[in-house]
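Containing mmCIF, C-alpha atoms: input34.cif.
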```
data_target
#
loop_
_atom_site.label_atom_id
_atom_site.label_comp_id
_atom_site.auth_asym_id
_atom_site.auth_seq_id
_atom_site.Cartn_x
_atom_site.Cartn_y
_atom_site.Cartn_z
CA MET A 1 -1.91 -60.09 1.68
CA LYS A 2 -5.54 -59.27 1.05
CA LEU A 3 -5.75 -56.48 3.63
CA LEU A 4 -2.96 -54.50 1.99
CA GLU A 5 -4.22 -55.19 -1.54
CA GLU A 6 -7.67 -53.99 -0.52
CA ARG A 7 -6.23 -50.82 0.99
CA ILE A 8 -4.23 -50.12 -2.15
CA ARG A 9 -7.35 -50.64 -4.23
CA THR A 10 -9.47 -48.31 -2.12
CA HIS A 11 -6.95 -45.69 -0.97
CA GLY A 12 -4.07 -45.83 -3.47
CA LYS A 13 -3.98 -43.19 -6.17
CA ILE A 14 -2.52 -43.89 -9.58
CA ARG A 15 -0.74 -41.09 -11.39
CA GLU A 16 0.65 -40.91 -14.90
CA GLY A 17 4.09 -42.43 -15.39
CA GLY A 18 3.65 -45.50 -13.19
CA VAL A 19 3.40 -43.59 -9.93
CA LEU A 20 1.32 -45.19 -7.18
CA LYS A 21 0.54 -42.86 -4.30
CA VAL A 22 -0.04 -44.71 -1.05
CA ASP A 23 0.77 -41.74 1.14
CA SER A 24 -2.51 -41.81 3.03
CA PHE A 25 -1.58 -45.05 4.82
CA LEU A 26 1.96 -46.20 3.99
CA ASN A 27 4.63 -43.59 3.42
CA HIS A 28 3.55 -40.14 4.58
CA GLN A 29 0.57 -40.75 6.82
CA MET A 30 1.15 -44.18 8.35
CA ASP A 31 -1.55 -46.56 9.54
CA VAL A 32 0.20 -48.38 12.37
CA LYS A 33 -2.66 -50.88 12.76
CA LEU A 34 -2.11 -51.91 9.16
CA PHE A 35 1.64 -52.07 9.91
CA GLN A 36 0.90 -54.47 12.77
CA GLU A 37 -0.92 -56.84 10.43
CA MET A 38 1.95 -56.56 7.95
CA GLY A 39 4.43 -57.26 10.73
CA LYS A 40 2.52 -60.42 11.70
CA GLU A 41 2.57 -61.56 8.08
CA PHE A 42 6.33 -60.97 7.81
CA LEU A 43 6.73 -63.02 10.98
CA ARG A 44 4.61 -65.83 9.54
CA LEU A 45 6.82 -65.89 6.45
CA TYR A 46 10.19 -65.61 8.21
CA GLN A 47 9.59 -66.97 11.70
CA ASP A 48 11.82 -70.03 11.29
CA CYS A 49 14.78 -68.04 9.98
CA GLY A 50 16.34 -66.93 13.26
CA VAL A 51 16.25 -63.23 12.38
CA THR A 52 18.50 -61.19 14.69
CA LYS A 53 18.29 -57.78 12.96
CA ILE A 54 15.91 -56.00 10.66
CA LEU A 55 17.59 -53.65 8.20
CA THR A 56 15.70 -50.88 6.42
CA ILE A 57 16.43 -47.57 4.76
CA GLU A 58 15.29 -44.10 5.67
CA ALA A 59 12.71 -42.75 5.62
CA SER A 60 9.55 -44.60 4.71
CA GLY A 61 10.81 -48.09 5.56
CA ILE A 62 11.44 -47.20 9.19
CA GLY A 63 7.86 -47.26 10.47
CA ILE A 64 7.04 -50.63 8.93
CA ALA A 65 10.35 -52.08 10.11
CA CYS A 66 9.95 -50.89 13.71
CA VAL A 67 6.39 -52.18 14.06
CA ALA A 68 7.41 -55.52 12.48
CA ALA A 69 10.49 -55.81 14.71
CA GLN A 70 8.25 -56.04 17.76
CA PHE A 71 7.00 -59.40 16.49
CA PHE A 72 10.51 -60.63 15.73
CA ASP A 73 11.78 -59.32 19.06
CA CYS A 74 14.90 -57.86 17.47
CA PRO A 75 16.34 -54.40 16.85
CA VAL A 76 16.06 -52.39 13.64
CA ILE A 77 18.91 -50.67 11.85
CA PHE A 78 18.17 -48.07 9.23
CA ALA A 79 20.66 -47.24 6.50
CA LYS A 80 21.23 -43.50 6.32
CA LYS A 81 21.26 -41.59 3.08
CA ASN A 82 23.70 -38.88 4.04
CA LYS A 83 26.80 -38.96 6.11
CA THR A 84 26.30 -36.72 9.11
CA LYS A 85 28.55 -35.60 11.93
CA ASN A 86 26.79 -38.09 14.18
CA ILE A 87 28.16 -41.09 12.31
CA ALA A 88 31.87 -41.17 12.74
CA GLY A 89 34.17 -44.08 12.27
CA ASP A 90 33.77 -47.15 10.18
CA VAL A 91 30.72 -47.65 8.00
CA TYR A 92 29.60 -50.01 5.28
CA THR A 93 28.47 -48.09 2.24
CA SER A 94 26.80 -48.63 -1.10
CA LYS A 95 25.19 -46.56 -3.83
CA VAL A 96 21.48 -46.32 -4.55
CA GLU A 97 19.80 -44.72 -7.52
CA SER A 98 16.57 -42.97 -6.65
CA PHE A 99 14.17 -42.67 -9.57
CA THR A 100 11.79 -40.65 -7.41
CA HIS A 101 14.43 -38.05 -6.61
CA GLY A 102 16.36 -38.46 -9.85
CA ARG A 103 19.79 -38.89 -8.33
CA VAL A 104 22.35 -41.35 -6.96
CA TYR A 105 23.20 -41.26 -3.27
CA ASP A 106 25.31 -43.17 -0.79
CA ILE A 107 23.73 -45.22 1.96
CA ILE A 108 25.65 -46.16 5.05
CA VAL A 109 25.41 -48.38 8.11
CA SER A 110 27.81 -48.33 11.03
CA LYS A 111 29.96 -51.45 11.10
CA GLU A 112 29.31 -51.90 14.81
CA PHE A 113 25.62 -52.72 14.23
CA LEU A 114 25.89 -55.22 11.40
CA LEU A 115 27.91 -58.24 12.50
CA PRO A 116 29.03 -61.48 10.83
CA GLN A 117 26.86 -63.51 13.21
CA ASP A 118 23.72 -61.52 12.35
CA ARG A 119 20.83 -63.05 10.41
CA VAL A 120 19.29 -60.08 8.64
CA LEU A 121 15.81 -59.51 7.27
CA ILE A 122 15.55 -56.46 5.03
CA ILE A 123 12.23 -54.61 5.15
CA ASP A 124 11.17 -51.81 2.84
CA ASP A 125 7.96 -50.20 1.64
CA PHE A 126 8.49 -50.46 -2.13
CA LEU A 127 10.30 -52.67 -4.62
CA ALA A 128 10.33 -51.34 -8.17
CA ASN A 129 13.68 -51.13 -9.97
CA GLY A 130 15.42 -52.81 -7.03
CA SER A 131 18.19 -50.27 -6.55
CA ALA A 132 17.53 -49.61 -2.85
CA LEU A 133 17.20 -53.32 -2.09
CA GLN A 134 20.38 -54.10 -4.01
CA GLY A 135 22.21 -51.45 -2.01
CA LEU A 136 20.94 -52.90 1.26
CA ILE A 137 21.93 -56.43 0.22
CA LYS A 138 25.45 -55.20 -0.46
CA LEU A 139 25.67 -53.77 3.08
CA VAL A 140 24.66 -57.14 4.56
CA ARG A 141 27.16 -59.03 2.40
CA ASP A 142 29.97 -56.57 3.10
CA ALA A 143 29.37 -57.20 6.80
CA GLY A 144 29.65 -60.95 6.28
CA ALA A 145 26.20 -61.33 7.83
CA THR A 146 23.60 -63.86 6.65
CA LEU A 147 20.81 -62.44 4.53
CA VAL A 148 17.60 -64.22 5.41
CA GLY A 149 15.55 -62.41 2.78
CA ALA A 150 13.54 -59.30 2.08
CA GLY A 151 10.06 -58.35 3.22
CA ILE A 152 8.48 -55.78 0.95
CA ALA A 153 5.13 -54.04 1.36
CA VAL A 154 4.39 -53.20 -2.28
CA GLU A 155 6.19 -54.72 -5.25
CA LYS A 156 5.67 -53.28 -8.69
CA ALA A 157 6.04 -56.66 -10.40
CA PHE A 158 5.92 -55.02 -13.84
CA GLN A 159 9.26 -53.36 -13.08
CA PRO A 160 12.49 -55.39 -13.15
CA GLY A 161 13.61 -55.20 -9.49
CA GLY A 162 11.84 -58.26 -8.12
CA ASP A 163 13.06 -60.60 -10.86
CA MET A 164 16.58 -59.20 -10.65
CA ILE A 165 16.86 -59.67 -6.88
CA ARG A 166 15.28 -63.15 -6.92
CA GLY A 167 17.70 -63.98 -9.74
CA MET A 168 20.51 -63.23 -7.30
CA GLY A 169 19.20 -66.07 -5.14
CA VAL A 170 17.63 -63.81 -2.54
CA ARG A 171 14.27 -64.69 -1.05
CA VAL A 172 11.84 -61.83 -1.60
CA GLU A 173 8.37 -61.82 -0.05
CA SER A 174 6.09 -58.99 -1.10
CA LEU A 175 2.76 -58.47 0.65
CA ALA A 176 1.17 -56.92 -2.43
CA ARG A 177 2.48 -57.58 -5.94
CA ILE A 178 1.15 -55.28 -8.62
CA LYS A 179 0.94 -56.93 -12.02
CA SER A 180 -0.19 -53.83 -13.86
CA MET A 181 -1.73 -50.46 -13.14
CA SER A 182 -3.10 -47.57 -15.12
CA VAL A 183 -5.14 -44.46 -14.48
CA GLU A 184 -7.91 -45.93 -16.62
CA ASN A 185 -8.07 -49.50 -15.30
CA GLY A 186 -6.77 -49.21 -11.75
CA VAL A 187 -4.53 -51.78 -10.09
CA GLU A 188 -4.29 -55.47 -10.95
CA PHE A 189 -2.45 -57.76 -8.52
CA CYS A 190 -0.46 -60.90 -9.38
CA MET B 1 12.09 -41.74 32.61
CA LYS B 2 14.63 -43.82 34.48
CA LEU B 3 14.88 -46.57 31.85
CA LEU B 4 15.93 -44.12 29.13
CA GLU B 5 18.28 -42.20 31.42
CA GLU B 6 19.94 -45.43 32.42
CA ARG B 7 20.36 -46.47 28.79
CA ILE B 8 21.90 -43.11 27.93
CA ARG B 9 24.24 -43.44 30.88
CA THR B 10 25.37 -46.94 29.92
CA HIS B 11 25.20 -46.86 26.11
CA GLY B 12 25.39 -43.18 25.11
CA LYS B 13 28.72 -41.86 23.93
CA ILE B 14 29.77 -38.29 24.50
CA ARG B 15 31.87 -36.59 21.86
CA GLU B 16 33.58 -33.21 21.85
CA GLY B 17 31.36 -30.27 20.92
CA GLY B 18 28.23 -31.31 22.79
CA VAL B 19 27.52 -34.35 20.63
CA LEU B 20 25.71 -37.24 22.32
CA LYS B 21 25.73 -40.44 20.30
CA VAL B 22 22.77 -42.66 21.05
CA ASP B 23 22.91 -44.53 17.78
CA SER B 24 23.17 -47.97 19.36
CA PHE B 25 19.56 -47.80 20.61
CA LEU B 26 17.75 -44.64 19.45
CA ASN B 27 18.57 -43.23 16.03
CA HIS B 28 20.53 -45.68 13.89
CA GLN B 29 20.08 -49.03 15.57
CA MET B 30 16.68 -48.85 17.25
CA ASP B 31 15.62 -50.80 20.33
CA VAL B 32 11.90 -51.24 19.72
CA LYS B 33 11.32 -52.67 23.21
CA LEU B 34 12.68 -49.45 24.66
CA PHE B 35 10.45 -47.56 22.21
CA GLN B 36 7.45 -49.46 23.58
CA GLU B 37 8.23 -48.31 27.12
CA MET B 38 8.68 -44.77 25.82
CA GLY B 39 5.36 -45.01 23.99
CA LYS B 40 3.61 -46.09 27.19
CA GLU B 41 5.14 -43.14 29.01
CA PHE B 42 4.00 -40.70 26.31
CA LEU B 43 0.52 -42.21 26.63
CA ARG B 44 0.57 -41.76 30.43
CA LEU B 45 1.49 -38.11 29.95
CA TYR B 46 -0.96 -37.30 27.15
CA GLN B 47 -3.74 -39.85 27.49
CA ASP B 48 -6.43 -37.31 28.43
CA CYS B 49 -5.66 -35.01 25.51
CA GLY B 50 -7.71 -36.69 22.78
CA VAL B 51 -4.76 -37.10 20.42
CA THR B 52 -5.93 -37.87 16.86
CA LYS B 53 -2.58 -37.66 15.03
CA ILE B 54 1.08 -38.00 15.89
CA LEU B 55 3.36 -35.76 13.84
CA THR B 56 7.08 -36.41 13.54
CA ILE B 57 9.91 -35.62 11.15
CA GLU B 58 12.08 -37.92 9.09
CA ALA B 59 14.11 -39.91 9.71
CA SER B 60 14.91 -40.73 13.31
CA GLY B 61 11.59 -39.62 14.82
CA ILE B 62 9.60 -42.10 12.74
CA GLY B 63 10.36 -45.29 14.67
CA ILE B 64 9.56 -43.81 18.07
CA ALA B 65 6.41 -42.17 16.69
CA CYS B 66 5.11 -45.36 15.05
CA VAL B 67 5.64 -47.52 18.11
CA ALA B 68 4.05 -44.85 20.36
CA ALA B 69 1.09 -44.42 17.99
CA GLN B 70 0.03 -48.01 18.68
CA PHE B 71 -0.74 -46.99 22.27
CA PHE B 72 -2.64 -43.87 21.17
CA ASP B 73 -4.45 -45.84 18.46
CA CYS B 74 -3.93 -43.07 15.92
CA PRO B 75 -1.99 -42.61 12.67
CA VAL B 76 1.44 -41.01 12.33
CA ILE B 77 2.37 -38.36 9.80
CA PHE B 78 6.00 -37.63 9.13
CA ALA B 79 7.14 -34.29 7.76
CA LYS B 80 9.37 -34.79 4.74
CA LYS B 81 12.60 -32.94 4.26
CA ASN B 82 12.67 -32.83 0.49
CA LYS B 83 9.92 -32.28 -1.98
CA THR B 84 9.66 -35.37 -4.18
CA LYS B 85 7.56 -36.25 -7.18
CA ASN B 86 5.37 -38.35 -4.92
CA ILE B 87 4.04 -35.34 -3.05
CA ALA B 88 2.07 -33.27 -5.48
CA GLY B 89 -0.52 -30.69 -4.65
CA ASP B 90 -1.00 -28.60 -1.57
CA VAL B 91 1.42 -28.87 1.32
CA TYR B 92 2.13 -26.99 4.52
CA THR B 93 5.75 -26.00 4.69
CA SER B 94 8.26 -24.50 7.11
CA LYS B 95 11.99 -24.09 7.39
CA VAL B 96 14.27 -26.00 9.76
CA GLU B 97 17.91 -25.34 10.50
CA SER B 98 19.95 -28.49 11.01
CA PHE B 99 23.03 -27.99 13.12
CA THR B 100 24.03 -31.60 12.53
CA HIS B 101 24.01 -31.17 8.76
CA GLY B 102 24.91 -27.49 8.77
CA ARG B 103 22.13 -26.30 6.50
CA VAL B 104 18.56 -25.02 6.28
CA TYR B 105 15.93 -27.18 4.63
CA ASP B 106 12.21 -27.12 3.97
CA ILE B 107 9.90 -29.58 5.66
CA ILE B 108 6.49 -30.35 4.24
CA VAL B 109 3.27 -32.13 5.14
CA SER B 110 0.37 -32.72 2.76
CA LYS B 111 -2.61 -30.57 3.66
CA GLU B 112 -4.94 -33.56 3.33
CA PHE B 113 -3.43 -35.27 6.39
CA LEU B 114 -3.37 -32.36 8.87
CA LEU B 115 -6.89 -31.09 9.45
CA PRO B 116 -8.41 -28.30 11.57
CA GLN B 117 -10.22 -30.87 13.73
CA ASP B 118 -7.01 -32.78 14.50
CA ARG B 119 -5.47 -32.81 17.97
CA VAL B 120 -1.78 -33.29 17.31
CA LEU B 121 1.01 -34.68 19.46
CA ILE B 122 4.47 -34.01 18.05
CA ILE B 123 7.06 -36.72 18.78
CA ASP B 124 10.78 -36.46 18.06
CA ASP B 125 13.98 -38.05 19.25
CA PHE B 126 15.95 -34.92 20.18
CA LEU B 127 15.30 -31.38 21.36
CA ALA B 128 18.36 -29.14 21.40
CA ASN B 129 18.12 -25.77 19.65
CA GLY B 130 14.44 -26.33 18.95
CA SER B 131 14.50 -25.60 15.24
CA ALA B 132 12.89 -28.86 14.10
CA LEU B 133 10.21 -28.64 16.79
CA GLN B 134 9.48 -25.02 15.92
CA GLY B 135 9.10 -26.03 12.26
CA LEU B 136 6.69 -28.82 13.16
CA ILE B 137 4.66 -26.49 15.41
CA LYS B 138 4.28 -24.07 12.49
CA LEU B 139 2.88 -26.89 10.31
CA VAL B 140 0.25 -27.71 12.97
CA ARG B 141 -0.73 -24.05 13.39
CA ASP B 142 -0.86 -23.42 9.63
CA ALA B 143 -3.31 -26.32 9.40
CA GLY B 144 -5.50 -24.76 12.10
CA ALA B 145 -5.16 -27.99 14.11
CA THR B 146 -4.88 -28.11 17.90
CA LEU B 147 -1.39 -28.73 19.22
CA VAL B 148 -1.62 -30.94 22.29
CA GLY B 149 2.09 -30.81 23.00
CA ALA B 150 5.41 -32.40 22.22
CA GLY B 151 6.88 -35.69 23.41
CA ILE B 152 10.65 -35.76 23.18
CA ALA B 153 12.99 -38.64 23.90
CA VAL B 154 16.15 -36.70 24.80
CA GLU B 155 16.24 -32.99 25.62
CA LYS B 156 19.55 -31.22 25.88
CA ALA B 157 18.31 -28.84 28.56
CA PHE B 158 21.56 -26.89 28.45
CA GLN B 159 20.64 -25.74 24.95
CA PRO B 160 17.95 -23.09 24.39
CA GLY B 161 15.25 -25.08 22.51
CA GLY B 162 13.24 -26.38 25.44
CA ASP B 163 12.92 -22.99 27.16
CA MET B 164 12.10 -21.29 23.88
CA ILE B 165 9.31 -23.72 22.95
CA ARG B 166 7.84 -23.76 26.48
CA GLY B 167 7.99 -19.96 26.38
CA MET B 168 5.66 -20.12 23.37
CA GLY B 169 3.08 -21.78 25.64
CA VAL B 170 3.62 -25.26 24.22
CA ARG B 171 3.62 -28.26 26.57
CA VAL B 172 6.88 -30.16 26.18
CA GLU B 173 7.48 -33.50 27.90
CA SER B 174 10.96 -34.94 27.58
CA LEU B 175 11.68 -38.46 28.79
CA ALA B 176 15.33 -37.66 29.56
CA ARG B 177 16.51 -34.09 30.21
CA ILE B 178 20.25 -33.61 30.14
CA LYS B 179 21.41 -30.84 32.43
CA SER B 180 25.05 -31.08 31.42
CA MET B 181 27.47 -33.44 29.76
CA SER B 182 31.15 -33.68 29.08
CA VAL B 183 33.65 -36.26 27.94
CA GLU B 184 35.29 -36.05 31.38
CA ASN B 185 32.26 -36.18 33.66
CA GLY B 186 29.63 -37.97 31.62
CA VAL B 187 25.96 -37.07 31.61
CA GLU B 188 24.02 -35.31 34.38
CA PHE B 189 20.23 -35.32 34.17
CA CYS B 190 17.87 -32.58 35.42
#
```
Show the structure stored in the file as structure tokens.
Amino acid sequence: MKLLEERIRTHGKIREGGVLKVDSFLNHQMDVKLFQEMGKEFLRLYQDCGVTKILTIEASGIGIACVAAQFFDCPVIFAKKNKTKNIAGDVYTSKVESFTHGRVYDIIVSKEFLLPQDRVLIIDDFLANGSALQGLIKLVRDAGATLVGAGIAVEKAFQPGGDMIRGMGVRVESLARIKSMSVENGVEFC
Amino acid sequence: MKLLEERIRTHGKIREGGVLKVDSFLNHQMDVKLFQEMGKEFLRLYQDCGVTKILTIEASGIGIACVAAQFFDCPVIFAKKNKTKNIAGDVYTSKVESFTHGRVYDIIVSKEFLLPQDRVLIIDDFLANGSALQGLIKLVRDAGATLVGAGIAVEKAFQPGGDMIRGMGVRVESLARIKSMSVENGVEFC
């Protein structure tokens, strides 16, 4: 998606160690007009798939998922990272390793919101090592729901997540796929 | 707002200890059509205030804020609860006590996204003891920005937060204000 690639090129900041900061428009400050265009693109890609629920993970996937869900005319569920008093009862759970935070955490979704008859599109802001996406896929499969695919804003295609998830037979559509990036040479897209 | 009150009445679940579960439509599964109506109502209330930024806090405020921001035609910033590698450099920070999680945590916003010339509307899903809102207000004031007010989905008016924040001279508009609630008698609105 040219619009997102262009924004990454002009407003993304590359840091040492493979870190791409897109916090001026994607995951701290959020450009909801850009999210609308991304939502339309996700709809174009998945419009014939009968999506009944969009599943994302807190926190930075939520904004993109909610704006996109308006085009799909379906609700969003976000997987929570910590079990709180407000989620009682039965939940589906899986483990996610966060390289940003340097730890492993549980993610959960209430069983009542993910049903066997659901056709689920997963939306998230980043795909790098694939741990979060793998965890979300497990939630969908544990529920016996149908996984339609994943819609990702930014895929770091030089990291193994995308290949791993596609190798599992899951459809993954990323709006911007980064082939390589460096402080010296900037971002190159696939 | 009748639509939200009605949804709370029909789909909210009251638990012992003053817990209101609205996770089927507001803060776990999210009804984005309802969020659109809430966004329109926030716009009706604050449309003459020249809002340039909507500020919310992760995680459950983000969806409502992003959908509402489309009507205000402005970006959203969400305060983060944990300092990660991805936020380097200067941040505004304040402390928030979570009664749900039973702990105190820091919230942060990058200084580059909250500017003295900004006119900020804070949006969040719940107002009860007021700790999160107070923390967000401090971020706005530390930035030297103008606080237009707060737009809240559900205010537990029987808890002290709303009175406390209004007593600070801050405009607070809550779409549903709960006067009292109990497992036996259900929810009564103000």
If we count all atoms listed in the file and set the cut-off at 10 Å, which residues sit around Asp23 of chain A, ignoring sequence neighbours fewer than 3 positions away in its own chain? Please answer as a count of residues only. 16
Might you spell out which residues the PyMOL selection byres ((chain A and resi 143) around 8) would select in the displayed file, as a PyMOL selection string? chain A and resi 92+111+114-116+139-142+144-145
So which residues get picked by the PyMOL selection byres ((chain A) within 8 of (chain B)) here, written as an NGL selection string? :A and (19 or 21 or 24 or 28-33 or 58-59 or 62-63 or 66-67 or 69-70 or 73-80 or 84-86 or 100-101 or 113)
List as a ChimeraX atom specification the protein and nucleic acid residues near Leu43 of chain B, meaning an atom at most 10 Å away when only C-alpha atoms are counted, but skip any in the same chain fewer than 4 places from it. /B:37-39,47-49,51,68-72,151
Running the PyMOL selection byres ((chain A and resi 106) around 8) on this model by hand, what would come out? Give it as a PDB file with C-alpha atoms, in the frame of the given file.
```pdb
ATOM      1  CA  LYS A  81      21.260 -41.590   3.080  1.00  0.00           C
ATOM      2  CA  ASN A  82      23.700 -38.880   4.040  1.00  0.00           C
ATOM      3  CA  THR A  93      28.470 -48.090   2.240  1.00  0.00           C
ATOM      4  CA  SER A  94      26.800 -48.630  -1.100  1.00  0.00           C
ATOM      5  CA  LYS A  95      25.190 -46.560  -3.830  1.00  0.00           C
ATOM      6  CA  VAL A  96      21.480 -46.320  -4.550  1.00  0.00           C
ATOM      7  CA  VAL A 104      22.350 -41.350  -6.960  1.00  0.00           C
ATOM      8  CA  TYR A 105      23.200 -41.260  -3.270  1.00  0.00           C
ATOM      9  CA  ILE A 107      23.730 -45.220   1.960  1.00  0.00           C
ATOM     10  CA  ILE A 108      25.650 -46.160   5.050  1.00  0.00           C
TER      11      ILE A 108
END
```
Which value, in Å to one decimal, gives the distance between atom CA of Val91 of chain B and atom CA of Ser182 of chain A?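 Calculated distance between atom CA of Val91 of chain B and atom CA of Ser182 of chain A is 25.3 Å.
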Between atom CA of Lys179 of chain B and atom CA of Val120 of chain B, distance in Å (one decimal):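 Atom-to-atom, atom CA of Lys179 of chain B to atom CA of Val120 of chain B, that is 27.8 Å.
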Pick out the residues sitting within 6 Å of Arg119 of chain B, and hand them over as an NGL selection string; count all atoms listed in the file, and ignore anything fewer than 4 positions along from it in its own chain. :B and (51-52 or 146-147)
Expected file: the selected residues, C-alpha atoms, as a tab-separated table (two decimals), in the coordinates of the input:
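Result file follows (selection-v6.tsv):
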```tsv
chain	number	residue	atom	x	y	z
B	51	VAL	CA	-4.76	-37.10	20.42
B	52	THR	CA	-5.93	-37.87	16.86
B	146	THR	CA	-4.88	-28.11	17.90
B	147	LEU	CA	-1.39	-28.73	19.22
```
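Our summary of the geometry notes that atom CA of Phe158 of chain A is positioned 16.8 Å from atom CA of Glu184 of chain A.
Proximity to Leu133 of chain B was assessed for B:Glu5, B:Glu16, B:Glu155, B:Asp90 counting only C-alpha atoms; the smallest distance is recorded for B:Glu155.
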